[in-house]
Amino acid sequence: MRPRFVAVAVTTALVLGTATACSSGGTSADGGSGTIHVMVYGDATNKVEKQIVETFNKTSKVKVVLDTVPGADYQQKLQTVINTPQAPDVFFNWGGGSIQPFVKADLLLPLDGFIAQDPGLKDNFLPSVFNSAVVDGKPYGVPMRGTQPVLLFHNKKVLADAGITPPKTWDELVADAKALKAKGITPIALGGADQWPTLMWFEYLYDRIAGPGLFQRALGGDPAAWAGEDSRAALAKLKELVDAGAFGTTYDSVKFTDGGSPALVAKGKAGFELMGSWYYSTQQDANPDFAKAGLGYTGFPTVGGGKGDAADVVGNTNNFYSVLKKTKHPEAAAAFLKLMYSDEFVKAQLAIGNLPTTTNTANFLDTAASPEYSKYQYELVKAAPSFQLSWDQAYPPSAITPIHVAVQQFFNGKLDADGFIKAMQALSTS
């Protein structure tokens with residue numbers, strides 16, 4: 001089994017980052033036709049993946065076919081095709097627990113050989129990020145987007161009109177939510193129908209109140225970690241915010257993945273949204289004027305009396321490309337992966353608001369779509385004592401649905417604190 005620290009918390013003296021991926025299909029590993037299929041998560045950042053594929057195909061005899069799968073369908077699609085003739089040669093993932101079962105099933109190609117041929121496939125990435133895709137001591141992924149800390153975004157005009165400022169503390173957030181609600185504005189947009197956006201609130205509150213240790217213990221196989229006072233305190237804070245009407249009443253019918261919740265913020269119908277740093281590129285793609293002038297962002301508020309460091313972040317350390325062992329063109333896959341640390345890749349990712357985890361990223365921050373935003377992320381992640389991987393990516397894929405259901409039901413009042421704790425204690429860690 002992989003070392004537990006790889007999946008959970010990253011010491012971030014070295015971290016930086018990127019986002020997500022691509023088109024619509026999923027076809028099989030090549031049977032001699034001179035192509036390899038690269039399967040990616042479909043979202044606003046696919047434009048970069050398409051650009052890199054075009055660059056690769058200009059000079060390679062073996063061509064890359066990019067198969068983009070809508071984000072809401074990606075996990076299920078991957079699980080369905082991964083061990084079939086329709087499996088891709090290379091696929092997008094989150095490292096950590098997301099690839100552990102595939103390694104156990106002997107489906108993935110260890111990248112030691114690629115790295116021996118080109119040490120840059122390892123050395124040109126920040127070590128703490130690269131190691132997130134190391135399982136049982138072997139590397140199985142190359143970073144392919146950027147670091148994705150979760151930030152609290154806001155509509156500057158909505159907050160100004162309400163006479164409030166971005167909250168630095170939890171109490172200020174609750175007060176801001178009440179002020180926005182009084183003006184008939186949904187305080188916090190939430191794509192609850194996707195479930196995973198709701199999880200981000202749990203991840204940050206647990207970290208702020210208990211510190212990263214509680215989740216590390218739970219993921220390491222200690223279910224009692226979920227039942228302590230800190231766990232119950234985090235759940236009480238969440239209930240306080242929900243009961244205050246901070247998320248409105250229709251959040252379970254709203255999605256992030258179809259642009260619903262970001263539109264609420266962009267159109268001034270909601271004040272805040274807690275989301276990964278890819279939110280900038282999402283807004284830039286759908287609402288470019290708002291992204292340029294109206295979108296604000298801060299770190300997650302502090303919680304009084306909490307044990308967690310106020311500088312801790314949660315989210316995804318990066319996304320990765322992994323290679324199927326049965327690919328007919330490993331040499332082409334290796335050549336394609338090299339582009340993930342090219343200057344072209346770094347500049348293209350920065351241009352859409354992503355923050356690559358290459359060692360040379362700092363050289364290009366001034367070329368970013370928003371240099372201020374990229375530098376903010378860079379410093380935030382660099383200074384973070386802990387970068388906790390999203391719970392649904394740290395745990396094996398079999399735990400994703402139980403986590404999401406428990407999170408949604410707690411928000412809906414269908415589970416109380418005891419019920420949520422029981423659900424989390426039942427999760428399999430292997």
# chains A, B, ... in the order shown; residues from 1 in each chain; ligands from 1

$ residues_around --residues "Leu152 in chain A" --least-positions-apart "6" --cutoff "8 Å" --atoms "only C-alpha atoms" --output "compact mmCIF listing (two decimals) with all heavy atoms, in the first residue's frame"
# COMPACT_ATOMS: atom_id res chain seq x y z
N PHE A 272 -20.79 34.73 -2.30
CA PHE A 272 -19.57 33.94 -2.17
C PHE A 272 -19.72 32.58 -2.86
O PHE A 272 -20.84 32.12 -3.10
CB PHE A 272 -19.26 33.68 -0.69
CG PHE A 272 -18.98 34.89 0.14
CD1 PHE A 272 -19.99 35.47 0.91
CD2 PHE A 272 -17.72 35.45 0.19
CE1 PHE A 272 -19.75 36.57 1.70
CE2 PHE A 272 -17.46 36.57 0.98
CZ PHE A 272 -18.48 37.13 1.73
N GLU A 273 -18.59 31.95 -3.12
CA GLU A 273 -18.57 30.53 -3.48
C GLU A 273 -17.21 29.96 -3.08
O GLU A 273 -16.17 30.52 -3.42
CB GLU A 273 -18.82 30.29 -4.96
CG GLU A 273 -18.91 28.80 -5.30
CD GLU A 273 -19.59 28.49 -6.63
OE1 GLU A 273 -19.75 29.41 -7.44
OE2 GLU A 273 -19.96 27.31 -6.83
N LEU A 274 -17.23 28.85 -2.35
CA LEU A 274 -16.01 28.14 -1.97
C LEU A 274 -15.70 27.14 -3.07
O LEU A 274 -16.51 26.24 -3.35
CB LEU A 274 -16.21 27.44 -0.63
CG LEU A 274 -14.98 26.78 0.00
CD1 LEU A 274 -13.95 27.83 0.42
CD2 LEU A 274 -15.38 25.92 1.20
N MET A 275 -14.54 27.27 -3.69
CA MET A 275 -14.24 26.41 -4.83
C MET A 275 -12.74 26.34 -5.07
O MET A 275 -11.98 27.19 -4.60
CB MET A 275 -14.94 26.97 -6.07
CG MET A 275 -14.87 26.11 -7.33
SD MET A 275 -15.36 24.37 -7.11
CE MET A 275 -17.07 24.53 -6.57
N TYR A 297 -11.17 37.13 -4.20
CA TYR A 297 -10.79 35.84 -3.62
C TYR A 297 -9.98 36.06 -2.35
O TYR A 297 -9.24 37.03 -2.22
CB TYR A 297 -10.00 35.01 -4.62
CG TYR A 297 -8.90 35.81 -5.31
CD1 TYR A 297 -7.64 35.96 -4.73
CD2 TYR A 297 -9.16 36.44 -6.52
CE1 TYR A 297 -6.66 36.72 -5.37
CE2 TYR A 297 -8.18 37.20 -7.15
CZ TYR A 297 -6.94 37.33 -6.56
OH TYR A 297 -5.98 38.10 -7.18
N THR A 298 -10.17 35.15 -1.41
CA THR A 298 -9.41 35.16 -0.16
C THR A 298 -9.21 33.71 0.28
O THR A 298 -9.81 32.79 -0.27
CB THR A 298 -10.15 35.91 0.97
OG1 THR A 298 -11.41 35.25 1.20
CG2 THR A 298 -10.39 37.35 0.61
N GLY A 299 -8.39 33.53 1.31
CA GLY A 299 -8.26 32.22 1.92
C GLY A 299 -9.46 31.94 2.81
O GLY A 299 -10.31 32.81 3.04
N PHE A 300 -9.55 30.71 3.31
CA PHE A 300 -10.66 30.35 4.18
C PHE A 300 -10.49 31.03 5.54
O PHE A 300 -9.38 31.14 6.05
CB PHE A 300 -10.72 28.83 4.36
CG PHE A 300 -12.00 28.33 4.94
CD1 PHE A 300 -13.11 28.14 4.15
CD2 PHE A 300 -12.11 28.05 6.31
CE1 PHE A 300 -14.32 27.68 4.68
CE2 PHE A 300 -13.29 27.59 6.85
CZ PHE A 300 -14.41 27.40 6.03

$ residues_around --residues "Gln75 in chain A" --least-positions-apart "4" --cutoff "12 Å" --atoms "only C-alpha atoms" --output "count of residues only"
23

$ select_by_dssp --residues "range 177-251 of chain A" --states "helix (DSSP H, G or I)" --output "NGL selection string"
:A and (177-182 or 192-194 or 196-210 or 213-219 or 223-227 or 229-243 or 251)

$ write_last_selection --atoms "N, CA and C atoms" --output "compact mmCIF listing (two decimals), in the first residue's frame"
# COMPACT_ATOMS: atom_id res chain seq x y z
N ALA A 177 -23.06 36.50 5.93
CA ALA A 177 -24.15 35.71 5.36
C ALA A 177 -25.51 36.29 5.78
N LYS A 178 -25.62 36.69 7.03
CA LYS A 178 -26.88 37.26 7.53
C LYS A 178 -27.17 38.59 6.85
N ALA A 179 -26.11 39.39 6.61
CA ALA A 179 -26.30 40.69 5.96
C ALA A 179 -26.76 40.52 4.51
N LEU A 180 -26.18 39.57 3.80
CA LEU A 180 -26.58 39.33 2.41
C LEU A 180 -27.99 38.77 2.33
N LYS A 181 -28.30 37.86 3.23
CA LYS A 181 -29.65 37.28 3.25
C LYS A 181 -30.70 38.36 3.48
N ALA A 182 -30.38 39.32 4.34
CA ALA A 182 -31.32 40.40 4.63
C ALA A 182 -31.59 41.26 3.40
N GLY A 192 -24.73 22.02 -4.80
CA GLY A 192 -24.99 20.86 -3.96
C GLY A 192 -25.40 19.62 -4.73
N ALA A 193 -25.94 19.80 -5.93
CA ALA A 193 -26.34 18.63 -6.72
C ALA A 193 -25.14 17.80 -7.15
N ASP A 194 -23.96 18.43 -7.19
CA ASP A 194 -22.73 17.69 -7.51
C ASP A 194 -22.13 17.01 -6.28
N TRP A 196 -19.71 17.05 -4.33
CA TRP A 196 -18.33 17.33 -3.94
C TRP A 196 -18.06 18.79 -3.58
N PRO A 197 -18.77 19.78 -4.17
CA PRO A 197 -18.52 21.15 -3.69
C PRO A 197 -18.88 21.33 -2.21
N THR A 198 -19.91 20.63 -1.75
CA THR A 198 -20.31 20.71 -0.35
C THR A 198 -19.21 20.16 0.55
N LEU A 199 -18.51 19.14 0.08
CA LEU A 199 -17.44 18.51 0.86
C LEU A 199 -16.36 19.50 1.24
N MET A 200 -16.11 20.50 0.42
CA MET A 200 -15.04 21.46 0.69
C MET A 200 -15.25 22.19 2.01
N TRP A 201 -16.51 22.42 2.37
CA TRP A 201 -16.80 23.09 3.65
C TRP A 201 -16.40 22.20 4.83
N PHE A 202 -16.62 20.91 4.71
CA PHE A 202 -16.21 19.97 5.75
C PHE A 202 -14.69 19.94 5.86
N GLU A 203 -14.02 19.86 4.72
CA GLU A 203 -12.56 19.73 4.71
C GLU A 203 -11.90 20.91 5.43
N TYR A 204 -12.36 22.12 5.12
CA TYR A 204 -11.73 23.28 5.74
C TYR A 204 -12.08 23.41 7.23
N LEU A 205 -13.34 23.18 7.58
CA LEU A 205 -13.70 23.33 8.98
C LEU A 205 -13.03 22.28 9.86
N TYR A 206 -12.93 21.06 9.36
CA TYR A 206 -12.22 20.02 10.12
C TYR A 206 -10.75 20.41 10.29
N ASP A 207 -10.15 20.95 9.23
CA ASP A 207 -8.74 21.34 9.34
C ASP A 207 -8.56 22.50 10.32
N ARG A 208 -9.44 23.53 10.19
CA ARG A 208 -9.29 24.71 11.05
C ARG A 208 -9.52 24.36 12.52
N ILE A 209 -10.45 23.47 12.80
CA ILE A 209 -10.79 23.15 14.19
C ILE A 209 -9.89 22.06 14.77
N ALA A 210 -9.62 21.02 14.00
CA ALA A 210 -8.85 19.88 14.52
C ALA A 210 -7.41 19.86 14.05
N GLY A 213 -4.29 16.52 11.57
CA GLY A 213 -4.06 15.23 12.19
C GLY A 213 -5.28 14.33 12.26
N LEU A 214 -6.47 14.91 12.47
CA LEU A 214 -7.67 14.09 12.59
C LEU A 214 -7.90 13.30 11.31
N PHE A 215 -7.84 13.98 10.18
CA PHE A 215 -8.09 13.28 8.93
C PHE A 215 -6.97 12.29 8.62
N GLN A 216 -5.76 12.62 8.95
CA GLN A 216 -4.64 11.69 8.74
C GLN A 216 -4.86 10.41 9.53
N ARG A 217 -5.32 10.54 10.76
CA ARG A 217 -5.56 9.35 11.58
C ARG A 217 -6.71 8.52 11.00
N ALA A 218 -7.76 9.19 10.58
CA ALA A 218 -8.90 8.47 10.02
C ALA A 218 -8.51 7.73 8.74
N LEU A 219 -7.78 8.39 7.86
CA LEU A 219 -7.35 7.76 6.62
C LEU A 219 -6.35 6.64 6.89
N PRO A 223 -10.82 4.75 12.87
CA PRO A 223 -12.17 5.32 12.76
C PRO A 223 -12.57 6.13 13.98
N ALA A 224 -11.93 5.89 15.12
CA ALA A 224 -12.28 6.64 16.32
C ALA A 224 -11.99 8.13 16.17
N ALA A 225 -11.13 8.48 15.21
CA ALA A 225 -10.78 9.88 15.00
C ALA A 225 -12.01 10.72 14.67
N TRP A 226 -12.99 10.10 14.00
CA TRP A 226 -14.18 10.83 13.59
C TRP A 226 -15.11 11.15 14.76
N ALA A 227 -14.95 10.50 15.88
CA ALA A 227 -15.92 10.61 16.97
C ALA A 227 -15.53 11.59 18.06
N GLU A 229 -14.25 15.25 20.06
CA GLU A 229 -14.87 16.55 20.27
C GLU A 229 -14.64 17.50 19.10
N ASP A 230 -13.46 17.44 18.51
CA ASP A 230 -13.15 18.34 17.40
C ASP A 230 -14.06 18.05 16.20
N SER A 231 -14.32 16.79 15.94
CA SER A 231 -15.21 16.42 14.85
C SER A 231 -16.60 16.98 15.09
N ARG A 232 -17.09 16.83 16.28
CA ARG A 232 -18.43 17.33 16.59
C ARG A 232 -18.49 18.85 16.55
N ALA A 233 -17.38 19.49 16.94
CA ALA A 233 -17.34 20.96 16.89
C ALA A 233 -17.40 21.45 15.44
N ALA A 234 -16.70 20.75 14.55
CA ALA A 234 -16.73 21.14 13.13
C ALA A 234 -18.13 20.98 12.56
N LEU A 235 -18.79 19.89 12.90
CA LEU A 235 -20.16 19.66 12.41
C LEU A 235 -21.12 20.71 12.97
N ALA A 236 -20.91 21.12 14.20
CA ALA A 236 -21.78 22.14 14.81
C ALA A 236 -21.62 23.48 14.08
N LYS A 237 -20.39 23.83 13.70
CA LYS A 237 -20.16 25.07 12.97
C LYS A 237 -20.86 25.02 11.60
N LEU A 238 -20.76 23.89 10.94
CA LEU A 238 -21.42 23.75 9.64
C LEU A 238 -22.93 23.91 9.77
N LYS A 239 -23.49 23.27 10.77
CA LYS A 239 -24.94 23.36 10.99
C LYS A 239 -25.35 24.80 11.27
N GLU A 240 -24.50 25.50 12.00
CA GLU A 240 -24.77 26.91 12.29
C GLU A 240 -24.92 27.71 11.00
N LEU A 241 -24.02 27.47 10.04
CA LEU A 241 -24.05 28.21 8.79
C LEU A 241 -25.25 27.82 7.93
N VAL A 242 -25.53 26.53 7.87
CA VAL A 242 -26.69 26.06 7.10
C VAL A 242 -27.98 26.62 7.69
N ASP A 243 -28.10 26.54 9.01
CA ASP A 243 -29.32 27.00 9.69
C ASP A 243 -29.51 28.52 9.56
N TYR A 251 -30.00 24.81 -3.06
CA TYR A 251 -28.65 24.43 -3.47
C TYR A 251 -28.54 22.99 -3.97

$ closest_residue --among "A:Ser322, A:Ser386, A:Ser281, A:Thr84" --to "Ile352 in chain A" --atoms "only C-alpha atoms"
A:Ser281

$ residues_around --residues "Gln408 in chain A" --least-positions-apart "3" --cutoff "8 Å" --atoms "only C-alpha atoms" --output "list in words"
Gly192, Gln195, Thr198, His404, Val405, Phe411 and Asn412 of chain A

$ closest_residue --among "A:Val64, A:Ile52, A:Ala334, A:Val158" --to "Pro110 in chain A" --atoms "only C-alpha atoms"
A:Ala334

$ atom_distance --atom1 "CA of Leu109 in chain A" --atom2 "CA of Leu355 in chain A"
26.7 Å
